[in-house]
>>> print(open('final_20.cif').read())   # mmCIF, N, CA and C atoms
data_run
#
loop_
_atom_site.label_atom_id
_atom_site.label_comp_id
_atom_site.auth_asym_id
_atom_site.auth_seq_id
_atom_site.Cartn_x
_atom_site.Cartn_y
_atom_site.Cartn_z
N MET A 1 0.84 -1.18 0.00
CA MET A 1 0.00 0.00 0.00
C MET A 1 0.89 1.25 0.00
N THR A 2 0.59 2.18 -0.85
CA THR A 2 1.40 3.39 -0.93
C THR A 2 0.63 4.56 -0.35
N THR A 3 1.37 5.49 0.18
CA THR A 3 0.75 6.69 0.74
C THR A 3 0.45 7.67 -0.38
N PRO A 4 -0.48 8.59 -0.14
CA PRO A 4 -0.79 9.58 -1.18
C PRO A 4 0.42 10.46 -1.53
N ALA A 5 1.30 10.74 -0.56
CA ALA A 5 2.48 11.57 -0.85
C ALA A 5 3.42 10.85 -1.82
N LYS A 6 3.64 9.55 -1.59
CA LYS A 6 4.49 8.78 -2.49
C LYS A 6 3.87 8.73 -3.88
N GLN A 7 2.56 8.51 -3.92
CA GLN A 7 1.86 8.43 -5.20
C GLN A 7 1.96 9.75 -5.95
N LYS A 8 1.81 10.86 -5.23
CA LYS A 8 1.87 12.19 -5.84
C LYS A 8 3.29 12.47 -6.38
N SER A 9 4.29 12.12 -5.60
CA SER A 9 5.68 12.31 -6.04
C SER A 9 5.97 11.47 -7.28
N TRP A 10 5.52 10.23 -7.26
CA TRP A 10 5.75 9.34 -8.40
C TRP A 10 5.04 9.85 -9.65
N GLN A 11 3.79 10.30 -9.50
CA GLN A 11 3.05 10.81 -10.66
C GLN A 11 3.70 12.07 -11.23
N ALA A 12 4.22 12.92 -10.36
CA ALA A 12 4.90 14.13 -10.84
C ALA A 12 6.17 13.75 -11.60
N PHE A 13 6.91 12.76 -11.10
CA PHE A 13 8.12 12.30 -11.78
C PHE A 13 7.78 11.69 -13.14
N VAL A 14 6.74 10.85 -13.19
CA VAL A 14 6.34 10.21 -14.45
C VAL A 14 5.88 11.27 -15.45
N ALA A 15 5.13 12.26 -14.99
CA ALA A 15 4.67 13.33 -15.88
C ALA A 15 5.85 14.12 -16.45
N TRP A 16 6.85 14.42 -15.60
CA TRP A 16 8.03 15.14 -16.07
C TRP A 16 8.81 14.31 -17.09
N CYS A 17 8.95 13.01 -16.82
CA CYS A 17 9.66 12.12 -17.75
C CYS A 17 8.93 12.05 -19.09
N ASP A 18 7.59 11.96 -19.06
CA ASP A 18 6.83 11.93 -20.31
C ASP A 18 6.99 13.24 -21.09
N GLU A 19 6.98 14.35 -20.36
CA GLU A 19 7.15 15.66 -20.99
C GLU A 19 8.52 15.79 -21.66
N MET A 20 9.55 15.23 -21.02
CA MET A 20 10.91 15.32 -21.56
C MET A 20 11.23 14.19 -22.54
N GLY A 21 10.37 13.21 -22.65
CA GLY A 21 10.62 12.09 -23.53
C GLY A 21 11.60 11.09 -22.95
N LEU A 22 11.63 10.95 -21.64
CA LEU A 22 12.55 10.03 -20.96
C LEU A 22 11.77 8.86 -20.38
N CYS A 23 12.47 7.79 -20.13
CA CYS A 23 11.87 6.60 -19.55
C CYS A 23 11.82 6.75 -18.03
N SER A 24 10.61 6.63 -17.47
CA SER A 24 10.47 6.80 -16.03
C SER A 24 10.66 5.50 -15.27
N SER A 25 10.45 4.37 -15.94
CA SER A 25 10.57 3.10 -15.24
C SER A 25 11.14 2.06 -16.19
N PRO A 26 12.31 1.56 -16.02
CA PRO A 26 13.31 1.88 -15.01
C PRO A 26 14.03 3.18 -15.35
N ALA A 27 14.17 4.02 -14.37
CA ALA A 27 14.79 5.34 -14.58
C ALA A 27 16.29 5.23 -14.42
N ASN A 28 16.96 5.93 -15.28
CA ASN A 28 18.41 6.05 -15.20
C ASN A 28 18.74 7.02 -14.06
N PRO A 29 19.87 6.84 -13.36
CA PRO A 29 20.22 7.79 -12.30
C PRO A 29 20.38 9.22 -12.82
N TRP A 30 20.89 9.38 -14.03
CA TRP A 30 21.05 10.75 -14.53
C TRP A 30 19.69 11.37 -14.83
N THR A 31 18.65 10.56 -15.12
CA THR A 31 17.30 11.09 -15.31
C THR A 31 16.79 11.67 -13.99
N LEU A 32 17.02 10.95 -12.92
CA LEU A 32 16.61 11.44 -11.60
C LEU A 32 17.43 12.67 -11.20
N ALA A 33 18.71 12.70 -11.57
CA ALA A 33 19.55 13.87 -11.28
C ALA A 33 19.04 15.09 -12.05
N ALA A 34 18.64 14.90 -13.30
CA ALA A 34 18.08 16.01 -14.09
C ALA A 34 16.76 16.48 -13.49
N TYR A 35 15.98 15.56 -12.98
CA TYR A 35 14.71 15.91 -12.32
C TYR A 35 14.97 16.73 -11.06
N ILE A 36 16.01 16.37 -10.33
CA ILE A 36 16.38 17.13 -9.14
C ILE A 36 16.74 18.56 -9.52
N ARG A 37 17.53 18.70 -10.57
CA ARG A 37 17.92 20.05 -11.02
C ARG A 37 16.71 20.85 -11.49
N HIS A 38 15.72 20.14 -12.07
CA HIS A 38 14.49 20.80 -12.50
C HIS A 38 13.71 21.34 -11.30
N LEU A 39 13.68 20.57 -10.21
CA LEU A 39 12.91 20.96 -9.03
C LEU A 39 13.69 21.88 -8.08
N GLU A 40 14.95 22.07 -8.34
CA GLU A 40 15.83 22.79 -7.40
C GLU A 40 15.28 24.16 -7.00
N GLY A 41 14.80 24.93 -7.94
CA GLY A 41 14.34 26.28 -7.62
C GLY A 41 12.97 26.34 -6.98
N SER A 42 12.18 25.27 -7.09
CA SER A 42 10.81 25.32 -6.61
C SER A 42 10.61 24.66 -5.24
N MET A 43 11.63 23.98 -4.71
CA MET A 43 11.48 23.29 -3.42
C MET A 43 12.66 23.59 -2.51
N ARG A 44 12.40 23.54 -1.20
CA ARG A 44 13.49 23.60 -0.25
C ARG A 44 14.24 22.28 -0.30
N PHE A 45 15.46 22.28 0.24
CA PHE A 45 16.31 21.10 0.13
C PHE A 45 15.70 19.89 0.85
N ASP A 46 15.17 20.08 2.05
CA ASP A 46 14.61 18.93 2.78
C ASP A 46 13.38 18.36 2.07
N ALA A 47 12.54 19.22 1.49
CA ALA A 47 11.38 18.74 0.74
C ALA A 47 11.83 18.01 -0.53
N LEU A 48 12.88 18.52 -1.15
CA LEU A 48 13.42 17.89 -2.36
C LEU A 48 13.96 16.49 -2.03
N CYS A 49 14.68 16.36 -0.92
CA CYS A 49 15.19 15.04 -0.51
C CYS A 49 14.06 14.07 -0.23
N ARG A 50 13.03 14.56 0.43
CA ARG A 50 11.88 13.71 0.73
C ARG A 50 11.20 13.27 -0.57
N HIS A 51 11.05 14.18 -1.50
CA HIS A 51 10.43 13.89 -2.79
C HIS A 51 11.25 12.84 -3.56
N VAL A 52 12.55 13.00 -3.59
CA VAL A 52 13.42 12.04 -4.29
C VAL A 52 13.38 10.68 -3.60
N ASP A 53 13.34 10.67 -2.27
CA ASP A 53 13.26 9.41 -1.54
C ASP A 53 11.94 8.69 -1.85
N GLN A 54 10.85 9.45 -1.94
CA GLN A 54 9.56 8.84 -2.26
C GLN A 54 9.55 8.26 -3.68
N VAL A 55 10.17 8.97 -4.61
CA VAL A 55 10.30 8.44 -5.98
C VAL A 55 11.12 7.16 -5.95
N GLY A 56 12.19 7.15 -5.16
CA GLY A 56 13.03 5.95 -5.05
C GLY A 56 12.28 4.78 -4.46
N GLN A 57 11.45 5.04 -3.45
CA GLN A 57 10.67 3.96 -2.84
C GLN A 57 9.65 3.39 -3.82
N MET A 58 9.00 4.26 -4.57
CA MET A 58 8.03 3.78 -5.57
C MET A 58 8.74 3.01 -6.67
N HIS A 59 9.89 3.48 -7.04
CA HIS A 59 10.67 2.80 -8.07
C HIS A 59 11.08 1.41 -7.58
N PHE A 60 11.47 1.32 -6.32
CA PHE A 60 11.87 0.04 -5.74
C PHE A 60 10.69 -0.92 -5.68
N ALA A 61 9.50 -0.41 -5.36
CA ALA A 61 8.31 -1.25 -5.28
C ALA A 61 7.95 -1.83 -6.65
N LYS A 62 8.24 -1.05 -7.70
CA LYS A 62 7.88 -1.51 -9.05
C LYS A 62 8.97 -2.37 -9.69
N ILE A 63 10.24 -1.99 -9.54
CA ILE A 63 11.33 -2.60 -10.31
C ILE A 63 12.39 -3.26 -9.43
N ARG A 64 12.40 -3.00 -8.15
CA ARG A 64 13.43 -3.51 -7.23
C ARG A 64 14.80 -2.88 -7.47
N LYS A 65 14.80 -1.65 -7.93
CA LYS A 65 16.04 -0.86 -8.06
C LYS A 65 15.77 0.52 -7.47
N ARG A 66 16.81 1.10 -6.84
CA ARG A 66 16.69 2.44 -6.25
C ARG A 66 17.66 3.38 -6.94
N PRO A 67 17.22 4.13 -7.94
CA PRO A 67 18.13 5.07 -8.61
C PRO A 67 18.54 6.23 -7.71
N ASP A 68 17.79 6.48 -6.64
CA ASP A 68 18.11 7.60 -5.75
C ASP A 68 19.33 7.32 -4.88
N ARG A 69 19.83 6.09 -4.87
CA ARG A 69 21.01 5.76 -4.08
C ARG A 69 22.29 5.76 -4.92
N HIS A 70 22.17 6.13 -6.17
CA HIS A 70 23.34 6.16 -7.07
C HIS A 70 24.20 7.38 -6.75
N THR A 71 25.51 7.28 -6.99
CA THR A 71 26.43 8.40 -6.66
C THR A 71 26.11 9.65 -7.46
N THR A 72 25.63 9.51 -8.69
CA THR A 72 25.29 10.69 -9.48
C THR A 72 24.17 11.48 -8.81
N VAL A 73 23.18 10.78 -8.31
CA VAL A 73 22.05 11.43 -7.64
C VAL A 73 22.51 12.05 -6.32
N LYS A 74 23.35 11.34 -5.59
CA LYS A 74 23.85 11.86 -4.31
C LYS A 74 24.69 13.11 -4.51
N ARG A 75 25.53 13.11 -5.54
CA ARG A 75 26.36 14.30 -5.82
C ARG A 75 25.49 15.48 -6.24
N THR A 76 24.45 15.20 -7.02
CA THR A 76 23.55 16.27 -7.44
C THR A 76 22.84 16.87 -6.24
N LEU A 77 22.37 16.03 -5.34
CA LEU A 77 21.72 16.54 -4.12
C LEU A 77 22.69 17.35 -3.27
N GLU A 78 23.93 16.89 -3.21
CA GLU A 78 24.94 17.62 -2.43
C GLU A 78 25.23 19.00 -3.03
N SER A 79 25.29 19.07 -4.35
CA SER A 79 25.53 20.38 -4.98
C SER A 79 24.33 21.30 -4.79
N VAL A 80 23.11 20.76 -4.83
CA VAL A 80 21.92 21.57 -4.57
C VAL A 80 21.96 22.08 -3.13
N ARG A 81 22.34 21.22 -2.19
CA ARG A 81 22.42 21.63 -0.79
C ARG A 81 23.42 22.77 -0.61
N ARG A 82 24.59 22.65 -1.26
CA ARG A 82 25.60 23.70 -1.13
C ARG A 82 25.11 25.01 -1.71
N ARG A 83 24.45 24.96 -2.87
CA ARG A 83 23.95 26.19 -3.49
C ARG A 83 22.88 26.85 -2.62
N GLN A 84 22.00 26.05 -2.02
CA GLN A 84 20.97 26.64 -1.17
C GLN A 84 21.56 27.20 0.12
N GLU A 85 22.62 26.59 0.64
CA GLU A 85 23.28 27.14 1.83
C GLU A 85 23.96 28.46 1.52
N GLN A 86 24.53 28.56 0.32
CA GLN A 86 25.19 29.81 -0.05
C GLN A 86 24.18 30.94 -0.18
N LYS A 87 22.96 30.62 -0.60
CA LYS A 87 21.93 31.64 -0.69
C LYS A 87 21.52 32.13 0.69
N LYS A 88 21.64 31.25 1.71
CA LYS A 88 21.22 31.60 3.06
C LYS A 88 22.27 32.42 3.81
N LEU A 89 23.49 32.50 3.28
CA LEU A 89 24.55 33.23 3.98
C LEU A 89 24.13 34.69 4.16
N PRO A 90 24.41 35.25 5.33
CA PRO A 90 24.05 36.65 5.54
C PRO A 90 24.92 37.55 4.65
N PRO A 91 24.41 38.72 4.34
CA PRO A 91 25.22 39.63 3.53
C PRO A 91 26.46 40.05 4.30
N PRO A 92 27.52 40.42 3.61
CA PRO A 92 28.74 40.82 4.33
C PRO A 92 28.48 42.08 5.15
N PRO A 93 29.18 42.23 6.26
CA PRO A 93 28.95 43.40 7.10
C PRO A 93 29.37 44.67 6.37
N PRO A 94 28.80 45.80 6.76
CA PRO A 94 29.19 47.05 6.11
C PRO A 94 30.65 47.37 6.44
N PRO A 95 31.29 48.14 5.60
CA PRO A 95 32.70 48.46 5.86
C PRO A 95 32.85 49.26 7.15
N LEU A 96 34.00 49.11 7.76
CA LEU A 96 34.26 49.78 9.03
C LEU A 96 34.35 51.29 8.84
N PHE A 97 34.95 51.70 7.74
CA PHE A 97 35.09 53.13 7.44
C PHE A 97 34.46 53.40 6.08
N ARG A 98 33.95 54.58 5.93
CA ARG A 98 33.39 54.98 4.64
C ARG A 98 34.52 55.50 3.75
N ASP A 99 34.30 55.50 2.46
CA ASP A 99 35.31 56.00 1.52
C ASP A 99 35.55 57.49 1.73
N GLU A 100 34.51 58.21 2.14
CA GLU A 100 34.65 59.66 2.33
C GLU A 100 35.62 60.00 3.46
N ASP A 101 35.79 59.05 4.39
CA ASP A 101 36.70 59.30 5.51
C ASP A 101 38.15 59.41 5.05
N PHE A 102 38.45 58.81 3.90
CA PHE A 102 39.83 58.77 3.45
C PHE A 102 40.11 59.70 2.28
N LEU A 103 39.12 60.33 1.75
CA LEU A 103 39.36 61.22 0.62
C LEU A 103 39.98 62.51 1.11
N GLU A 104 40.97 62.97 0.39
CA GLU A 104 41.69 64.17 0.77
C GLU A 104 41.18 65.32 -0.07
N THR A 105 40.74 66.40 0.58
CA THR A 105 40.19 67.53 -0.15
C THR A 105 41.23 68.61 -0.38
N SER A 106 42.29 68.66 0.42
CA SER A 106 43.31 69.68 0.24
C SER A 106 44.30 69.23 -0.85
N PRO A 107 44.92 70.21 -1.53
CA PRO A 107 45.89 69.83 -2.57
C PRO A 107 47.10 69.15 -1.94
N PRO A 108 47.77 68.31 -2.68
CA PRO A 108 48.93 67.63 -2.11
C PRO A 108 50.05 68.61 -1.78
N ILE A 109 50.82 68.31 -0.77
CA ILE A 109 51.93 69.16 -0.34
C ILE A 109 53.08 68.96 -1.33
N PRO A 110 53.59 70.09 -1.86
CA PRO A 110 54.70 69.94 -2.81
C PRO A 110 55.97 69.46 -2.10
N THR A 111 56.69 68.59 -2.74
CA THR A 111 57.95 68.09 -2.17
C THR A 111 59.10 68.69 -2.93
N ARG A 112 60.22 68.85 -2.20
CA ARG A 112 61.40 69.39 -2.88
C ARG A 112 62.10 68.27 -3.62
N PRO A 113 62.62 68.62 -4.76
CA PRO A 113 63.34 67.60 -5.51
C PRO A 113 64.63 67.22 -4.79
N ARG A 114 65.02 65.99 -4.90
CA ARG A 114 66.25 65.52 -4.27
C ARG A 114 67.47 66.07 -5.01
N GLU A 115 68.46 66.40 -4.21
CA GLU A 115 69.71 66.87 -4.81
C GLU A 115 70.58 65.66 -5.11
N PRO A 116 71.26 65.68 -6.20
CA PRO A 116 72.14 64.54 -6.51
C PRO A 116 73.28 64.47 -5.49
N LYS A 117 73.72 63.26 -5.20
CA LYS A 117 74.79 63.08 -4.23
C LYS A 117 76.13 63.49 -4.85
N SER A 118 76.96 64.07 -4.00
CA SER A 118 78.29 64.46 -4.47
C SER A 118 79.18 63.21 -4.52
N PRO A 119 80.26 63.23 -5.30
CA PRO A 119 81.15 62.07 -5.39
C PRO A 119 81.73 61.68 -4.03
N ALA A 120 81.96 62.65 -3.14
CA ALA A 120 82.52 62.34 -1.83
C ALA A 120 81.51 61.54 -1.00
N MET A 121 80.23 61.88 -1.11
CA MET A 121 79.19 61.15 -0.37
C MET A 121 79.05 59.73 -0.90
N ILE A 122 79.15 59.60 -2.20
CA ILE A 122 79.04 58.26 -2.79
C ILE A 122 80.23 57.41 -2.33
N ARG A 123 81.42 58.00 -2.30
CA ARG A 123 82.61 57.28 -1.89
C ARG A 123 82.49 56.82 -0.44
N ARG A 124 81.92 57.68 0.44
CA ARG A 124 81.78 57.32 1.84
C ARG A 124 80.78 56.17 2.02
N SER A 125 79.74 56.17 1.22
CA SER A 125 78.74 55.12 1.39
C SER A 125 79.20 53.79 0.83
N LEU A 126 80.24 53.79 0.01
CA LEU A 126 80.72 52.55 -0.60
C LEU A 126 82.05 52.08 -0.03
N ARG A 127 82.32 52.39 1.23
CA ARG A 127 83.58 51.97 1.84
C ARG A 127 83.65 50.46 1.92
N ALA A 128 84.87 49.94 1.68
CA ALA A 128 85.08 48.51 1.76
C ALA A 128 85.32 48.08 3.20
N THR A 129 85.94 48.94 3.99
CA THR A 129 86.20 48.60 5.40
C THR A 129 85.35 49.50 6.27
N PRO A 130 84.87 48.96 7.38
CA PRO A 130 84.03 49.79 8.24
C PRO A 130 84.87 50.85 8.97
N GLN A 131 84.23 51.93 9.30
CA GLN A 131 84.90 52.99 10.03
C GLN A 131 85.04 52.56 11.49
N LEU A 132 86.22 52.81 12.08
CA LEU A 132 86.46 52.42 13.45
C LEU A 132 85.73 53.37 14.40
N VAL A 133 85.18 52.79 15.45
CA VAL A 133 84.43 53.57 16.42
C VAL A 133 85.08 53.36 17.77
N ARG A 134 85.31 54.40 18.49
CA ARG A 134 85.89 54.29 19.82
C ARG A 134 84.82 54.05 20.84
N ARG A 135 85.22 53.29 21.85
CA ARG A 135 84.31 53.06 22.97
C ARG A 135 84.54 54.15 24.01
N LYS A 136 83.46 54.50 24.67
CA LYS A 136 83.58 55.48 25.75
C LYS A 136 84.08 54.74 26.97
N ARG A 137 84.99 55.39 27.67
CA ARG A 137 85.48 54.79 28.94
C ARG A 137 84.60 55.27 30.07
N VAL A 138 84.28 54.37 30.88
CA VAL A 138 83.41 54.72 32.02
C VAL A 138 84.22 54.85 33.29
#
>>> encode(input="final_20.cif", output="structure tokens")
Amino acid sequence: MTTPAKQKSWQAFVAWCDEMGLCSSPANPWTLAAYIRHLEGSMRFDALCRHVDQVGQMHFAKIRKRPDRHTTVKRTLESVRRRQEQKKLPPPPPPLFRDEDFLETSPPIPTRPREPKSPAMIRRSLRATPQLVRRKRV
């Protein structure tokens, strides 16, 4: 004896298969995966899992095979679950500071151009031996 919910789920699956020109019994796992993707936007994830399980139970009662336990169907359900969880994520928090806080309204301060180094300064900076430093006596 089947429940009305199982019967309704099975009839919806058969109607979709007939509309798409696919075989509903025995159903290929990729047919059930395509059906899941079709229902993805119209059902919550838990209702979708229940619907797929009911289709699997009806399929098992008729043919003794459960296409809903195939890895293709499980992966499809997992990807649907991840997409629905991403939709539930809260929006990112507002920025700590506004852009207006960092905009500068005054003109930039002019800088003086650097003077080129004299040859004596270059020679001092390129010493091969360090300059000796005396220690202070205490």
>>> resolve_selection(input="final_20.cif", expression="the PyMOL selection byres (((chain A and resi 68 and name CA) around 10) and name CA)", output="JSON, numbers by chain")
{"A": [27, 28, 29, 30, 32, 33, 49, 52, 53, 54, 55, 56, 57, 59, 60, 65, 66, 67, 69, 70, 71, 72, 73, 74, 77]}
>>> closest_residue(input="final_20.cif", among="A:Arg75, A:Ser25, A:Lys87, A:Pro4", to="A:Arg44", atoms="only C-alpha atoms")
A:Lys87
>>> closest_residue(input="final_20.cif", among="A:Ile36, A:Pro94, A:Glu100, A:Pro110", to="A:Val80", atoms="only N, CA and C atoms")
A:Ile36
>>> atom_distance(input="final_20.cif", atom1="atom C of A:Asp46", atom2="atom C of A:Arg81")
11.3 Å
>>> atom_distance(input="final_20.cif", atom1="atom C of A:Ala47", atom2="atom N of A:Ala61")
19.2 Å
>>> atom_distance(input="final_20.cif", atom1="atom C of A:Val14", atom2="atom N of A:Glu78")
22.5 Å
>>> resolve_selection(input="final_20.cif", expression="the PyMOL selection byres (((chain A and resi 13 and name CA) around 10) and name CA)", output="list of chain:residue names")
A:Gln7, A:Lys8, A:Ser9, A:Trp10, A:Gln11, A:Ala12, A:Val14, A:Ala15, A:Trp16, A:Cys17, A:Asp18, A:Glu19, A:Ser24, A:Thr31, A:Leu32, A:Tyr35, A:Ile36, A:His51, A:Val52, A:Val55
>>> write_last_selection(input="final_20.cif", atoms="N, CA and C atoms", output="PDB file, in the frame of the given file")
ATOM      1  N   GLN A   7       2.560   8.510  -3.920  1.00  0.00           N
ATOM      2  CA  GLN A   7       1.860   8.430  -5.200  1.00  0.00           C
ATOM      3  C   GLN A   7       1.960   9.750  -5.950  1.00  0.00           C
ATOM      4  N   LYS A   8       1.810  10.860  -5.230  1.00  0.00           N
ATOM      5  CA  LYS A   8       1.870  12.190  -5.840  1.00  0.00           C
ATOM      6  C   LYS A   8       3.290  12.470  -6.380  1.00  0.00           C
ATOM      7  N   SER A   9       4.290  12.120  -5.600  1.00  0.00           N
ATOM      8  CA  SER A   9       5.680  12.310  -6.040  1.00  0.00           C
ATOM      9  C   SER A   9       5.970  11.470  -7.280  1.00  0.00           C
ATOM     10  N   TRP A  10       5.520  10.230  -7.260  1.00  0.00           N
ATOM     11  CA  TRP A  10       5.750   9.340  -8.400  1.00  0.00           C
ATOM     12  C   TRP A  10       5.040   9.850  -9.650  1.00  0.00           C
ATOM     13  N   GLN A  11       3.790  10.300  -9.500  1.00  0.00           N
ATOM     14  CA  GLN A  11       3.050  10.810 -10.660  1.00  0.00           C
ATOM     15  C   GLN A  11       3.700  12.070 -11.230  1.00  0.00           C
ATOM     16  N   ALA A  12       4.220  12.920 -10.360  1.00  0.00           N
ATOM     17  CA  ALA A  12       4.900  14.130 -10.840  1.00  0.00           C
ATOM     18  C   ALA A  12       6.170  13.750 -11.600  1.00  0.00           C
ATOM     19  N   VAL A  14       6.740  10.850 -13.190  1.00  0.00           N
ATOM     20  CA  VAL A  14       6.340  10.210 -14.450  1.00  0.00           C
ATOM     21  C   VAL A  14       5.880  11.270 -15.450  1.00  0.00           C
ATOM     22  N   ALA A  15       5.130  12.260 -14.990  1.00  0.00           N
ATOM     23  CA  ALA A  15       4.670  13.330 -15.880  1.00  0.00           C
ATOM     24  C   ALA A  15       5.850  14.120 -16.450  1.00  0.00           C
ATOM     25  N   TRP A  16       6.850  14.420 -15.600  1.00  0.00           N
ATOM     26  CA  TRP A  16       8.030  15.140 -16.070  1.00  0.00           C
ATOM     27  C   TRP A  16       8.810  14.310 -17.090  1.00  0.00           C
ATOM     28  N   CYS A  17       8.950  13.010 -16.820  1.00  0.00           N
ATOM     29  CA  CYS A  17       9.660  12.120 -17.750  1.00  0.00           C
ATOM     30  C   CYS A  17       8.930  12.050 -19.090  1.00  0.00           C
ATOM     31  N   ASP A  18       7.590  11.960 -19.060  1.00  0.00           N
ATOM     32  CA  ASP A  18       6.830  11.930 -20.310  1.00  0.00           C
ATOM     33  C   ASP A  18       6.990  13.240 -21.090  1.00  0.00           C
ATOM     34  N   GLU A  19       6.980  14.350 -20.360  1.00  0.00           N
ATOM     35  CA  GLU A  19       7.150  15.660 -20.990  1.00  0.00           C
ATOM     36  C   GLU A  19       8.520  15.790 -21.660  1.00  0.00           C
ATOM     37  N   SER A  24      10.610   6.630 -17.470  1.00  0.00           N
ATOM     38  CA  SER A  24      10.470   6.800 -16.030  1.00  0.00           C
ATOM     39  C   SER A  24      10.660   5.500 -15.270  1.00  0.00           C
ATOM     40  N   THR A  31      18.650  10.560 -15.120  1.00  0.00           N
ATOM     41  CA  THR A  31      17.300  11.090 -15.310  1.00  0.00           C
ATOM     42  C   THR A  31      16.790  11.670 -13.990  1.00  0.00           C
ATOM     43  N   LEU A  32      17.020  10.950 -12.920  1.00  0.00           N
ATOM     44  CA  LEU A  32      16.610  11.440 -11.600  1.00  0.00           C
ATOM     45  C   LEU A  32      17.430  12.670 -11.200  1.00  0.00           C
ATOM     46  N   TYR A  35      15.980  15.560 -12.980  1.00  0.00           N
ATOM     47  CA  TYR A  35      14.710  15.910 -12.320  1.00  0.00           C
ATOM     48  C   TYR A  35      14.970  16.730 -11.060  1.00  0.00           C
ATOM     49  N   ILE A  36      16.010  16.370 -10.330  1.00  0.00           N
ATOM     50  CA  ILE A  36      16.380  17.130  -9.140  1.00  0.00           C
ATOM     51  C   ILE A  36      16.740  18.560  -9.520  1.00  0.00           C
ATOM     52  N   HIS A  51      11.050  14.180  -1.500  1.00  0.00           N
ATOM     53  CA  HIS A  51      10.430  13.890  -2.790  1.00  0.00           C
ATOM     54  C   HIS A  51      11.250  12.840  -3.560  1.00  0.00           C
ATOM     55  N   VAL A  52      12.550  13.000  -3.590  1.00  0.00           N
ATOM     56  CA  VAL A  52      13.420  12.040  -4.290  1.00  0.00           C
ATOM     57  C   VAL A  52      13.380  10.680  -3.600  1.00  0.00           C
ATOM     58  N   VAL A  55      10.170   8.970  -4.610  1.00  0.00           N
ATOM     59  CA  VAL A  55      10.300   8.440  -5.980  1.00  0.00           C
ATOM     60  C   VAL A  55      11.120   7.160  -5.950  1.00  0.00           C
TER      61      VAL A  55
END
>>> axis_aligned_box(input="final_20.cif", around="stretch 21-35 of chain A", padding_each_side="8 Å", output="AutoDock Vina command-line options")
--center_x 15.7 --center_y 9.1 --center_z -17.3 --size_x 26.7 --size_y 31.2 --size_z 28.5
>>> closest_residue(input="final_20.cif", among="A:Met20, A:Ala5, A:Phe45, A:Pro26", to="A:Arg82", atoms="only C-alpha atoms")
A:Phe45
>>> select_by_dssp(input="final_20.cif", residues="chain A", states="alpha helix (DSSP H)", output="ChimeraX atom specification")
/A:4-20,29-39,45-63,71-88,119-125
